[in-house]
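Shown here: work-v4.cif, mmCIF, C-alpha atoms.
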data_coords
#
loop_
_atom_site.label_atom_id
_atom_site.label_comp_id
_atom_site.auth_asym_id
_atom_site.auth_seq_id
_atom_site.Cartn_x
_atom_site.Cartn_y
_atom_site.Cartn_z
CA MET A 1 0.00 0.00 0.00
CA ALA A 2 3.02 2.28 0.46
CA ALA A 3 3.41 2.51 -3.31
CA PHE A 4 -0.12 3.87 -3.73
CA SER A 5 -0.87 7.54 -4.16
CA ARG A 6 -3.11 9.00 -1.46
CA ARG A 7 -6.12 8.96 -3.79
CA GLU A 8 -5.50 5.33 -4.78
CA PHE A 9 -5.11 4.42 -1.13
CA TYR A 10 -8.47 5.93 -0.20
CA GLU A 11 -10.21 4.29 -3.16
CA GLN A 12 -8.72 0.89 -2.29
CA LEU A 13 -9.69 1.37 1.36
CA LEU A 14 -13.24 2.35 0.47
CA HIS A 15 -13.94 -0.50 -1.93
CA GLY A 16 -11.69 -3.12 -0.34
CA CYS A 17 -12.46 -2.54 3.33
CA VAL A 18 -15.19 -0.02 4.22
CA PHE A 19 -18.06 -1.35 2.10
CA PRO A 20 -17.32 -5.08 2.60
CA THR A 21 -16.82 -4.67 6.36
CA ALA A 22 -20.06 -2.71 6.85
CA LEU A 23 -22.06 -5.23 4.80
CA GLN A 24 -20.51 -8.20 6.56
CA GLY A 25 -21.24 -6.65 9.94
CA LEU A 26 -24.92 -6.12 9.08
CA GLU A 27 -25.17 -9.65 7.68
CA GLN A 28 -23.90 -11.04 10.98
CA ILE A 29 -26.39 -9.19 13.19
CA TRP A 30 -29.63 -8.76 11.21
CA VAL A 31 -31.16 -11.99 12.56
CA LEU A 32 -30.44 -10.92 16.14
CA LEU A 33 -31.92 -7.47 15.51
CA LEU A 34 -35.04 -9.03 14.01
CA MET A 35 -35.49 -11.28 17.06
CA CYS A 36 -35.07 -8.30 19.41
CA LEU A 37 -37.69 -6.31 17.51
CA GLY A 38 -40.03 -9.32 17.49
CA CYS A 39 -39.82 -9.65 21.28
CA ARG A 40 -40.36 -5.91 21.64
CA MET A 41 -43.61 -6.21 19.69
CA LEU A 42 -44.75 -9.20 21.75
CA TRP A 43 -44.30 -7.26 24.99
CA ARG A 44 -46.93 -4.79 23.70
CA LEU A 45 -49.61 -7.47 23.20
CA GLY A 46 -50.54 -7.73 26.86
CA LEU A 47 -49.75 -11.44 27.09
CA PRO A 48 -49.56 -13.23 30.47
CA SER A 49 -46.16 -12.83 32.07
CA HIS A 50 -45.28 -16.54 31.87
CA LEU A 51 -45.84 -16.46 28.10
CA LYS A 52 -43.56 -13.44 27.81
CA HIS A 53 -40.84 -15.32 29.70
CA LEU A 54 -41.29 -18.36 27.47
CA PHE A 55 -41.03 -16.23 24.31
CA THR A 56 -37.83 -14.55 25.46
CA ILE A 57 -36.36 -17.97 26.38
CA ALA A 58 -37.22 -19.24 22.90
CA GLY A 59 -35.72 -16.13 21.31
CA GLY A 60 -32.57 -16.42 23.41
CA PHE A 61 -32.18 -20.11 22.52
CA PHE A 62 -32.61 -19.36 18.84
CA CYS A 63 -29.98 -16.61 18.90
CA LEU A 64 -27.54 -18.77 20.87
CA TYR A 65 -27.95 -21.57 18.32
CA HIS A 66 -27.61 -19.09 15.43
CA PHE A 67 -24.26 -17.84 16.74
CA PHE A 68 -22.80 -20.91 18.50
CA ARG A 69 -24.68 -23.93 17.13
CA LEU A 70 -24.50 -26.95 19.45
CA GLN A 71 -21.76 -25.34 21.54
CA MET A 72 -24.55 -23.35 23.18
CA ILE A 73 -25.10 -26.41 25.40
CA TRP A 74 -22.33 -25.15 27.71
CA VAL A 75 -24.17 -21.86 28.26
CA VAL A 76 -27.40 -23.78 28.93
CA LEU A 77 -25.61 -26.09 31.36
CA MET A 78 -24.27 -23.14 33.35
CA SER A 79 -27.72 -21.55 33.63
CA LEU A 80 -29.30 -24.83 34.80
CA LEU A 81 -26.55 -25.35 37.36
CA CYS A 82 -26.94 -21.80 38.67
CA TYR A 83 -30.69 -22.16 39.14
CA LEU A 84 -30.23 -25.54 40.84
CA VAL A 85 -27.84 -23.96 43.37
CA LEU A 86 -30.18 -20.99 43.83
CA PHE A 87 -33.12 -23.32 44.51
CA LEU A 88 -31.23 -25.68 46.84
CA CYS A 89 -29.92 -22.70 48.84
CA ARG A 90 -33.27 -20.90 48.95
CA HIS A 91 -33.23 -20.80 52.78
CA SER A 92 -29.63 -19.60 52.99
CA GLN A 93 -28.58 -16.00 53.50
CA HIS A 94 -25.44 -16.43 51.38
CA ARG A 95 -26.89 -17.27 47.97
CA GLY A 96 -24.73 -14.71 46.22
CA VAL A 97 -21.52 -16.17 47.65
CA LEU A 98 -22.58 -19.75 46.86
CA LEU A 99 -23.47 -18.81 43.28
CA SER A 100 -20.12 -17.03 42.93
CA ILE A 101 -18.30 -20.19 44.02
CA THR A 102 -20.42 -22.28 41.62
CA VAL A 103 -19.65 -19.96 38.71
CA LEU A 104 -15.96 -19.89 39.63
CA ILE A 105 -15.70 -23.70 39.66
CA TYR A 106 -17.68 -24.06 36.43
CA LEU A 107 -15.58 -21.50 34.56
CA LEU A 108 -12.31 -23.03 35.76
CA MET A 109 -13.43 -26.53 34.78
CA GLY A 110 -14.61 -25.27 31.40
CA GLU A 111 -11.34 -23.49 30.74
CA MET A 112 -9.12 -26.38 31.77
CA HIS A 113 -11.02 -29.63 31.24
CA MET A 114 -14.50 -29.71 29.71
CA VAL A 115 -14.19 -27.92 26.37
CA ASP A 116 -11.42 -27.24 23.86
CA THR A 117 -9.99 -23.75 24.23
CA ALA A 118 -11.13 -22.36 20.86
CA SER A 119 -14.76 -23.42 21.37
CA TRP A 120 -14.86 -22.17 24.94
CA HIS A 121 -13.46 -18.75 24.05
CA LYS A 122 -16.05 -18.30 21.30
CA MET A 123 -18.74 -18.51 23.96
CA ARG A 124 -17.02 -16.62 26.74
CA GLY A 125 -19.05 -13.44 26.15
CA ALA A 126 -22.34 -15.31 26.56
CA GLN A 127 -20.92 -17.28 29.49
CA MET A 128 -19.84 -14.05 31.16
CA ILE A 129 -23.32 -12.52 30.87
CA VAL A 130 -24.97 -15.65 32.33
CA ALA A 131 -22.48 -15.70 35.22
CA MET A 132 -22.95 -12.00 36.00
CA LYS A 133 -26.74 -12.26 35.93
CA ALA A 134 -26.83 -15.33 38.18
CA VAL A 135 -24.42 -13.87 40.75
CA SER A 136 -26.16 -10.47 40.83
CA LEU A 137 -29.55 -12.13 41.28
CA GLY A 138 -28.23 -14.18 44.21
CA PHE A 139 -26.89 -11.08 45.99
CA ASP A 140 -30.05 -9.08 45.19
CA VAL A 141 -32.22 -11.80 46.78
CA ASP A 142 -29.92 -11.81 49.84
CA ARG A 143 -30.20 -8.03 50.15
CA GLY A 144 -33.97 -7.96 49.65
CA ILE A 145 -33.81 -6.01 46.39
CA VAL A 146 -35.54 -8.98 44.75
CA ARG A 147 -38.20 -10.16 47.20
CA CYS A 148 -38.15 -13.88 46.44
CA ILE A 149 -36.37 -16.43 44.31
CA PRO A 150 -37.77 -16.25 40.75
CA SER A 151 -39.55 -19.22 39.24
CA PRO A 152 -37.58 -21.33 36.73
CA VAL A 153 -39.35 -19.61 33.82
CA GLU A 154 -38.60 -16.13 35.20
CA PHE A 155 -34.96 -17.02 35.86
CA MET A 156 -34.41 -18.50 32.41
CA GLY A 157 -36.23 -15.59 30.79
CA TYR A 158 -33.84 -13.21 32.56
CA VAL A 159 -30.73 -15.22 31.69
CA TYR A 160 -31.73 -15.72 28.03
CA PHE A 161 -33.21 -12.26 27.50
CA VAL A 162 -32.76 -11.89 23.77
CA GLY A 163 -31.50 -8.30 24.01
CA THR A 164 -28.47 -9.23 26.11
CA VAL A 165 -27.84 -12.95 25.59
CA ILE A 166 -25.18 -12.56 22.85
CA PHE A 167 -23.39 -9.21 23.26
CA GLY A 168 -24.62 -8.15 26.70
CA PRO A 169 -24.59 -5.90 28.56
CA TRP A 170 -25.42 -7.06 32.06
CA ILE A 171 -28.79 -5.80 33.27
CA SER A 172 -30.40 -6.39 36.65
CA PHE A 173 -33.38 -8.69 37.18
CA THR A 174 -35.48 -5.61 37.99
CA SER A 175 -34.57 -4.04 34.63
CA TYR A 176 -35.60 -7.25 32.87
CA GLN A 177 -38.97 -7.24 34.64
CA GLN A 178 -39.53 -3.63 33.60
CA ALA A 179 -38.63 -4.48 30.00
CA ILE A 180 -41.20 -7.25 29.58
CA ASN A 181 -43.96 -4.93 30.82
CA GLY A 182 -43.71 -3.35 27.38
CA GLN A 183 -43.06 0.38 27.10
CA LYS A 184 -44.73 2.32 24.30
CA LEU A 185 -43.11 2.47 20.88
CA THR A 186 -41.90 6.05 20.66
CA PHE A 187 -39.80 8.19 18.36
CA SER A 188 -37.16 8.63 21.09
CA TRP A 189 -36.85 4.83 21.34
CA ALA A 190 -36.38 4.44 17.56
CA ARG A 191 -33.94 7.35 17.46
CA ARG A 192 -31.85 5.81 20.23
CA VAL A 193 -31.69 2.46 18.41
CA LEU A 194 -30.70 4.11 15.12
CA ARG A 195 -28.07 6.30 16.79
CA SER A 196 -26.40 3.36 18.52
CA LEU A 197 -26.53 1.27 15.33
CA VAL A 198 -24.81 3.99 13.29
CA LEU A 199 -22.16 4.47 15.99
CA SER A 200 -21.51 0.73 16.17
CA ILE A 201 -20.92 0.51 12.40
CA VAL A 202 -18.66 3.58 12.53
CA CYS A 203 -16.61 2.01 15.34
CA LEU A 204 -16.35 -1.25 13.40
CA LEU A 205 -15.01 0.65 10.38
CA MET A 206 -12.61 2.62 12.57
CA SER A 207 -11.27 -0.57 14.14
CA THR A 208 -10.91 -2.48 10.86
CA CYS A 209 -10.22 0.10 8.18
CA VAL A 210 -8.82 3.24 9.81
CA CYS A 211 -6.81 2.49 12.96
CA PRO A 212 -4.46 -0.09 11.37
CA TYR A 213 -3.33 2.63 8.91
CA LEU A 214 -3.39 5.57 11.31
CA PHE A 215 0.30 6.45 10.93
CA PRO A 216 1.37 7.74 8.49
CA TYR A 217 -1.54 7.22 6.02
CA PHE A 218 -4.15 9.30 7.90
CA ILE A 219 -1.86 11.22 10.26
CA PRO A 220 1.47 11.85 8.52
CA ILE A 221 3.84 11.38 11.46
CA TYR A 222 7.27 9.92 10.80
CA GLY A 223 10.19 9.44 13.14
CA ASP A 224 13.00 7.28 14.40
CA ARG A 225 12.70 3.66 15.49
CA LEU A 226 11.60 4.50 19.06
CA LEU A 227 8.79 6.79 17.88
CA ARG A 228 7.63 4.31 15.24
CA LYS A 229 7.52 1.62 17.91
CA TRP A 230 5.15 3.66 20.09
CA LEU A 231 3.07 4.82 17.13
CA ARG A 232 2.59 1.18 16.18
CA ALA A 233 1.56 0.41 19.76
CA TYR A 234 -0.96 3.27 19.63
CA GLU A 235 -2.41 1.87 16.37
CA ASN A 236 -2.93 -1.52 18.02
CA THR A 237 -4.48 0.16 21.05
CA SER A 238 -6.86 2.29 18.99
CA SER A 239 -7.99 -0.67 16.89
CA PHE A 240 -8.69 -2.68 20.04
CA HIS A 241 -10.52 0.24 21.65
CA PHE A 242 -12.85 0.75 18.70
CA SER A 243 -13.61 -2.96 18.49
CA ASN A 244 -14.77 -2.70 22.11
CA TYR A 245 -16.87 0.38 21.31
CA PHE A 246 -18.42 -1.53 18.40
CA VAL A 247 -19.58 -4.31 20.73
CA GLY A 248 -20.68 -1.73 23.31
CA PHE A 249 -22.85 0.26 20.92
CA LEU A 250 -24.18 -2.95 19.35
CA SER A 251 -25.23 -4.18 22.79
CA GLU A 252 -27.03 -0.86 23.26
CA VAL A 253 -28.88 -1.52 19.99
CA THR A 254 -30.01 -5.02 20.94
CA THR A 255 -30.94 -4.09 24.52
CA VAL A 256 -32.94 -0.97 23.65
CA LEU A 257 -34.47 -2.58 20.57
CA SER A 258 -35.85 -5.38 22.75
CA GLY A 259 -37.33 -2.91 25.24
CA ALA A 260 -34.78 -2.58 28.07
CA GLY A 261 -32.27 0.14 28.90
CA PHE A 262 -34.49 2.99 30.08
CA THR A 263 -35.17 5.00 33.21
CA GLU A 264 -38.51 6.43 34.26
CA GLU A 265 -38.90 9.94 35.62
CA LYS A 266 -42.49 10.62 36.58
CA ASP A 267 -44.39 10.11 33.33
CA HIS A 268 -41.33 10.33 31.07
CA VAL A 269 -39.30 7.37 29.81
CA HIS A 270 -35.68 8.08 28.94
CA TRP A 271 -33.89 5.56 26.73
CA ASP A 272 -30.53 6.39 28.24
CA LEU A 273 -28.60 3.12 28.33
CA ALA A 274 -24.87 3.77 27.96
CA VAL A 275 -22.44 0.87 27.76
CA SER A 276 -19.22 2.80 27.13
CA ARG A 277 -18.05 6.41 26.92
CA PRO A 278 -15.37 6.52 24.20
CA LEU A 279 -14.37 10.15 24.77
CA ASN A 280 -13.55 9.45 28.42
CA VAL A 281 -11.23 6.65 27.27
CA GLU A 282 -9.57 8.35 24.30
CA ILE A 283 -9.16 11.68 26.13
CA PRO A 284 -8.82 10.39 29.69
CA ARG A 285 -8.74 12.28 32.94
CA SER A 286 -7.33 9.26 34.76
CA MET A 287 -7.00 5.49 34.49
CA VAL A 288 -9.73 5.20 37.11
CA ASP A 289 -12.04 7.10 34.75
CA VAL A 290 -10.93 4.87 31.86
CA VAL A 291 -11.75 1.56 33.54
CA THR A 292 -15.17 2.91 34.56
CA SER A 293 -16.02 4.29 31.11
CA TRP A 294 -14.74 1.19 29.26
CA ASN A 295 -17.86 -0.83 30.13
CA LEU A 296 -20.25 0.99 32.44
CA PRO A 297 -22.62 -1.93 33.26
CA MET A 298 -19.74 -4.30 34.01
CA SER A 299 -17.99 -1.65 36.07
CA ARG A 300 -21.20 -1.17 38.05
CA TRP A 301 -21.54 -4.95 38.51
CA LEU A 302 -17.94 -5.34 39.70
CA HIS A 303 -18.28 -2.42 42.11
CA THR A 304 -21.64 -3.58 43.53
CA TYR A 305 -21.11 -7.33 43.79
CA VAL A 306 -17.33 -7.79 44.05
CA PHE A 307 -15.59 -4.66 45.32
CA LYS A 308 -18.08 -3.86 48.09
CA ASN A 309 -18.06 -7.44 49.34
CA ALA A 310 -14.25 -7.54 49.26
CA MET A 311 -13.77 -4.21 51.07
CA LYS A 312 -13.53 -6.05 54.41
CA LEU A 313 -10.11 -7.25 53.19
CA GLY A 314 -8.84 -3.69 52.68
CA THR A 315 -8.92 -1.25 49.78
CA PHE A 316 -5.88 -2.53 47.89
CA GLN A 317 -6.88 -6.16 48.36
CA ALA A 318 -10.43 -5.37 47.24
CA ILE A 319 -9.10 -3.74 44.05
CA ILE A 320 -6.95 -6.78 43.23
CA VAL A 321 -9.85 -9.18 43.94
CA THR A 322 -12.09 -7.09 41.66
CA TYR A 323 -9.63 -7.16 38.76
CA ALA A 324 -8.98 -10.87 39.34
CA ALA A 325 -12.74 -11.50 39.11
CA SER A 326 -12.87 -9.50 35.88
CA ALA A 327 -9.95 -11.51 34.48
CA LEU A 328 -11.68 -14.79 35.29
CA LEU A 329 -14.94 -13.68 33.69
CA HIS A 330 -13.06 -12.69 30.53
CA GLY A 331 -11.39 -16.11 30.33
CA LEU A 332 -8.13 -17.64 31.47
CA SER A 333 -5.99 -15.81 28.93
CA PHE A 334 -2.53 -14.80 30.10
CA HIS A 335 -2.48 -11.47 28.30
CA LEU A 336 -5.92 -10.44 29.63
CA ALA A 337 -4.98 -11.43 33.17
CA ALA A 338 -1.70 -9.52 32.84
CA VAL A 339 -3.47 -6.40 31.55
CA LEU A 340 -6.24 -6.47 34.16
CA LEU A 341 -3.95 -7.12 37.11
CA SER A 342 -1.58 -4.42 35.86
CA LEU A 343 -4.60 -2.11 35.67
CA GLY A 344 -5.31 -2.93 39.31
CA PHE A 345 -1.87 -1.73 40.40
CA ILE A 346 -1.90 1.29 38.05
CA THR A 347 -5.32 2.55 39.17
CA TYR A 348 -4.49 2.04 42.84
CA VAL A 349 -1.17 3.89 42.64
CA GLU A 350 -2.73 6.70 40.60
CA HIS A 351 -5.63 7.01 43.05
CA VAL A 352 -3.50 7.23 46.21
CA LEU A 353 -0.92 9.54 44.60
CA ARG A 354 -3.51 12.01 43.32
CA LYS A 355 -5.35 11.85 46.64
CA LYS A 356 -2.12 12.71 48.47
CA LEU A 357 -1.31 15.57 46.07
CA ALA A 358 -4.86 16.90 46.34
CA VAL A 359 -4.44 17.12 50.13
CA ILE A 360 -1.00 18.74 49.94
CA PHE A 361 -2.02 21.40 47.41
CA SER A 362 -5.73 21.53 48.37
CA ALA A 363 -6.54 21.27 44.66
CA CYS A 364 -9.14 19.45 42.56
CA ILE A 365 -6.73 16.94 41.06
CA LEU A 366 -8.29 13.68 42.23
CA SER A 367 -8.76 10.73 39.87
CA LYS A 368 -12.44 11.62 39.59
CA LYS A 369 -13.88 15.10 39.25
CA CYS A 370 -14.63 16.81 42.53
CA SER A 371 -18.14 17.86 43.42
CA PRO A 372 -18.82 21.63 43.15
CA ASN A 373 -18.94 21.98 46.95
CA CYS A 374 -15.69 20.14 47.73
CA ALA A 375 -13.33 21.50 50.41
CA HIS A 376 -10.38 22.16 48.08
CA ARG A 377 -9.24 25.79 47.82
CA LYS A 378 -7.91 25.46 44.27
CA LYS A 379 -10.87 24.39 42.14
CA LYS A 380 -9.62 25.92 38.89
CA GLY A 381 -6.55 27.71 37.67
CA LEU A 382 -3.40 26.96 35.70
CA PHE A 383 -1.93 24.57 38.28
CA VAL A 384 -5.11 22.45 38.45
CA TYR A 385 -5.40 22.30 34.67
CA LEU A 386 -1.73 21.40 34.18
CA MET A 387 -1.81 18.64 36.80
CA ASN A 388 -4.96 17.10 35.36
CA ILE A 389 -3.51 17.30 31.84
CA LEU A 390 -0.29 15.66 33.08
CA PHE A 391 -2.15 12.74 34.65
CA GLY A 392 -4.37 12.50 31.56
CA ALA A 393 -1.22 12.18 29.42
CA LEU A 394 0.09 9.49 31.78
CA ALA A 395 -3.21 7.63 31.41
CA LEU A 396 -2.92 7.82 27.62
CA PHE A 397 0.62 6.48 27.89
CA HIS A 398 -0.57 3.55 30.03
CA LEU A 399 -3.40 2.83 27.57
CA THR A 400 -0.93 2.68 24.69
CA TYR A 401 1.42 0.46 26.66
CA LEU A 402 -1.27 -1.99 27.79
CA GLY A 403 -3.07 -1.98 24.45
CA SER A 404 0.10 -2.84 22.55
CA LEU A 405 -0.57 -6.51 23.41
CA PHE A 406 -3.62 -6.65 21.16
CA ASP A 407 -1.72 -6.99 17.91
CA THR A 408 -3.80 -9.04 15.47
CA ASP A 409 -0.91 -9.20 13.01
CA SER A 410 1.35 -11.01 15.44
CA GLU A 411 2.32 -14.55 14.51
CA ASP A 412 2.08 -15.57 18.17
CA ALA A 413 -1.47 -14.24 18.51
CA ASN A 414 -4.50 -16.48 18.26
CA GLU A 415 -7.69 -14.44 18.35
CA GLU A 416 -9.87 -17.33 19.50
CA GLU A 417 -7.55 -18.85 22.08
CA GLY A 418 -5.96 -15.65 23.34
CA TYR A 419 -2.36 -14.42 23.45
CA GLY A 420 0.27 -16.47 25.23
CA MET A 421 2.88 -15.59 27.82
CA VAL A 422 5.65 -15.30 25.25
CA HIS A 423 3.65 -12.80 23.19
CA THR A 424 2.89 -10.70 26.28
CA ILE A 425 6.46 -10.64 27.56
CA ASN A 426 7.87 -9.90 24.09
CA LYS A 427 5.47 -7.00 23.53
CA TRP A 428 6.18 -5.33 26.87
CA SER A 429 9.88 -6.03 26.61
CA HIS A 430 9.83 -4.36 23.19
CA LEU A 431 8.56 -1.23 24.95
CA GLY A 432 11.08 -1.55 27.76
CA TRP A 433 8.45 -2.40 30.41
CA ALA A 434 7.90 1.36 30.46
CA GLY A 435 4.38 1.27 31.91
CA HIS A 436 5.37 -0.92 34.85
CA TRP A 437 8.49 1.14 35.58
CA LEU A 438 6.44 4.34 35.48
CA THR A 439 3.89 2.86 37.90
CA PHE A 440 6.69 1.80 40.24
CA GLY A 441 8.19 5.29 40.04
CA CYS A 442 4.82 6.87 40.90
CA TRP A 443 4.48 4.52 43.88
CA VAL A 444 7.97 5.44 45.15
CA PHE A 445 7.10 9.14 44.75
CA TYR A 446 3.87 8.59 46.70
CA ARG A 447 5.75 6.87 49.53
CA LEU A 448 8.33 9.68 49.64
CA LEU A 449 5.53 12.20 50.15
CA GLY A 450 4.91 10.54 53.52
#
Mind turning this structure into structure tokens?
Amino acid sequence: MAAFSRREFYEQLLHGCVFPTALQGLEQIWVLLLMCLGCRMLWRLGLPSHLKHLFTIAGGFFCLYHFFRLQMIWVVLMSLLCYLVLFLCRHSQHRGVLLSITVLIYLLMGEMHMVDTASWHKMRGAQMIVAMKAVSLGFDVDRGIVRCIPSPVEFMGYVYFVGTVIFGPWISFTSYQQAINGQKLTFSWARRVLRSLVLSIVCLLMSTCVCPYLFPYFIPIYGDRLLRKWLRAYENTSSFHFSNYFVGFLSEVTTVLSGAGFTEEKDHVHWDLAVSRPLNVEIPRSMVDVVTSWNLPMSRWLHTYVFKNAMKLGTFQAIIVTYAASALLHGLSFHLAAVLLSLGFITYVEHVLRKKLAVIFSACILSKKCSPNCAHRKKKGLFVYLMNILFGALALFHLTYLGSLFDTDSEDANEEEGYGMVHTINKWSHLGWAGHWLTFGCWVFYRLLG
């Protein structure tokens, strides 16, 4: 492609990548979208609730079979096992913990013994959603948020809700119950679906057709070997980011299209589901803000059902347990575990360092934005802006460093089975372990501050 003129490059990109990728993406999801719309229409018919649950189970089964064929049996087996544990422990006050242990054992056995790695990793998104729903339901019953254990039909309807069964996101049992009540078909609902669909296709095109050629085809930056190395890492990072945004916006489409993902304010219904906030990731304030904005529903689930329960161990330990839980849900892949556990250390060090500096300078430079009535004397000003920009640049550096692992062109990379230890070590060694050294330096600086 280097021999092409700029015009020839754009023409080749348009006809060889943009159009085929967009069409292929729509071909892959149109059946799922049709099923979501069909369920949305059924909710409006005023059917008995048990029929609505049965229809969404049927729709979820159909979509699972459409995407995974007979491999869907492992998702079904997990859901049956989870409900069996929930029913047998119906008189216990620790259903959430028992379901967590059940899910943990099942996922470990699936990763290591029951299924071949390629097949298991194809289903890990659906497995993750089932696991998150079952665990959250167990804790919600323990806490009284859900008054009683759902019937088998209600539980399976929730787990196989057609709007979330393939791409997610996690929704609570209460949100599922509100969805099947059937909100009115409104212009704001249709507009939200169309907006998310357009954004998902744009993110798919960015990930596939733009980010791999970011430098120097779209942004003419040239430099020495060191600069090219980091620019290449940023290309890999950007491509990975936009593939995540594609799935995030697509999950918004399926969830809202099927009738979930809204909040009610008096007589007004707001279709305001947000799965990710790309701007907060690409132009970050902090790494803490990045991990929250990456996947909002999952971040909320981890905070509510993992972090809060692990806080009795201490803040740092709770953070590590939370990222370890996230790594397990995403699959036993060395590179994902390495990234997520590294994120745990990075976010902790950043949080405590900025908290210490905020106290010393009495300035609004915390990892998250301060409330308007905070006690800091310096709420604005050059110093506050410069410090926040500095930490934002550090966050962007960490994102580039961590995202460099997701190189689809690597010979050692296997998209279905994950990236191995050798690939991970080689990639970070290639960048001089810069992100880890920087985190260690920030921790030493924090300790020196006393």
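Nearest to Leu98 in chain A of all the residues A:Ser371, A:Gly59, A:Gly138, A:Gln12 is A:Gly138, based on only C-alpha atoms.
You will find CA of Arg90 in chain A at 21.6 Å from CA of Thr304 in chain A.
Using the PyMOL selection byres ((chain A and resi 434) around 12) on the file at hand returns these residues: Trp230, Leu394, Phe397, His398, Leu399, Thr400, Tyr401, Leu402, Ser404, Lys427, Trp428, Ser429, His430, Leu431, Gly432, Trp433, Gly435, His436, Trp437, Leu438, Thr439, Phe440 and Gly441 of chain A.
For the residues A:Ala22, A:Leu231, A:Ile73, A:Thr102, ranking by smallest atom-to-atom distance to Val198 in chain A using only C-alpha atoms places A:Ala22 first.
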- Message: Would you compute the distance between CA of Val193 in chain A and CA of Val256 in chain A? Give it in Å to one decimal.
- Response: 6.4 Å
- Query: Where does the PyMOL selection byres ((chain A and resi 188) around 12) land in this file, that is, which residues does it pick, as number ranges by chain?
  - Reply: A: 183-187, 189-195, 256-257, 262, 268-272
- Message: Which residue is closest to Ser207 in chain A? Choose from A:Ala118, A:Val275, A:Val18, A:Val75 and count all atoms listed in the file.
- Response: A:Val18
- Tell me, in Å to one decimal, how far CA of Lys266 in chain A is from CA of Ile145 in chain A. 21.2 Å
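When the PyMOL selection byres ((chain A and resi 155) around 10) is evaluated on the file shown here, the picked residues come out as His53, Ile57, Ser79, Leu80, Cys82, Tyr83, Lys133, Ala134, Leu137, Ile149, Pro150, Ser151, Pro152, Val153, Glu154, Met156, Gly157, Tyr158, Val159, Tyr160, Phe161 and Phe173 of chain A.
Distance annotation: of A:Ser100, A:Thr56, A:Thr174, A:Ser362, the residue with the minimal separation from Ala375 in chain A is A:Ser362; atom set is only C-alpha atoms.
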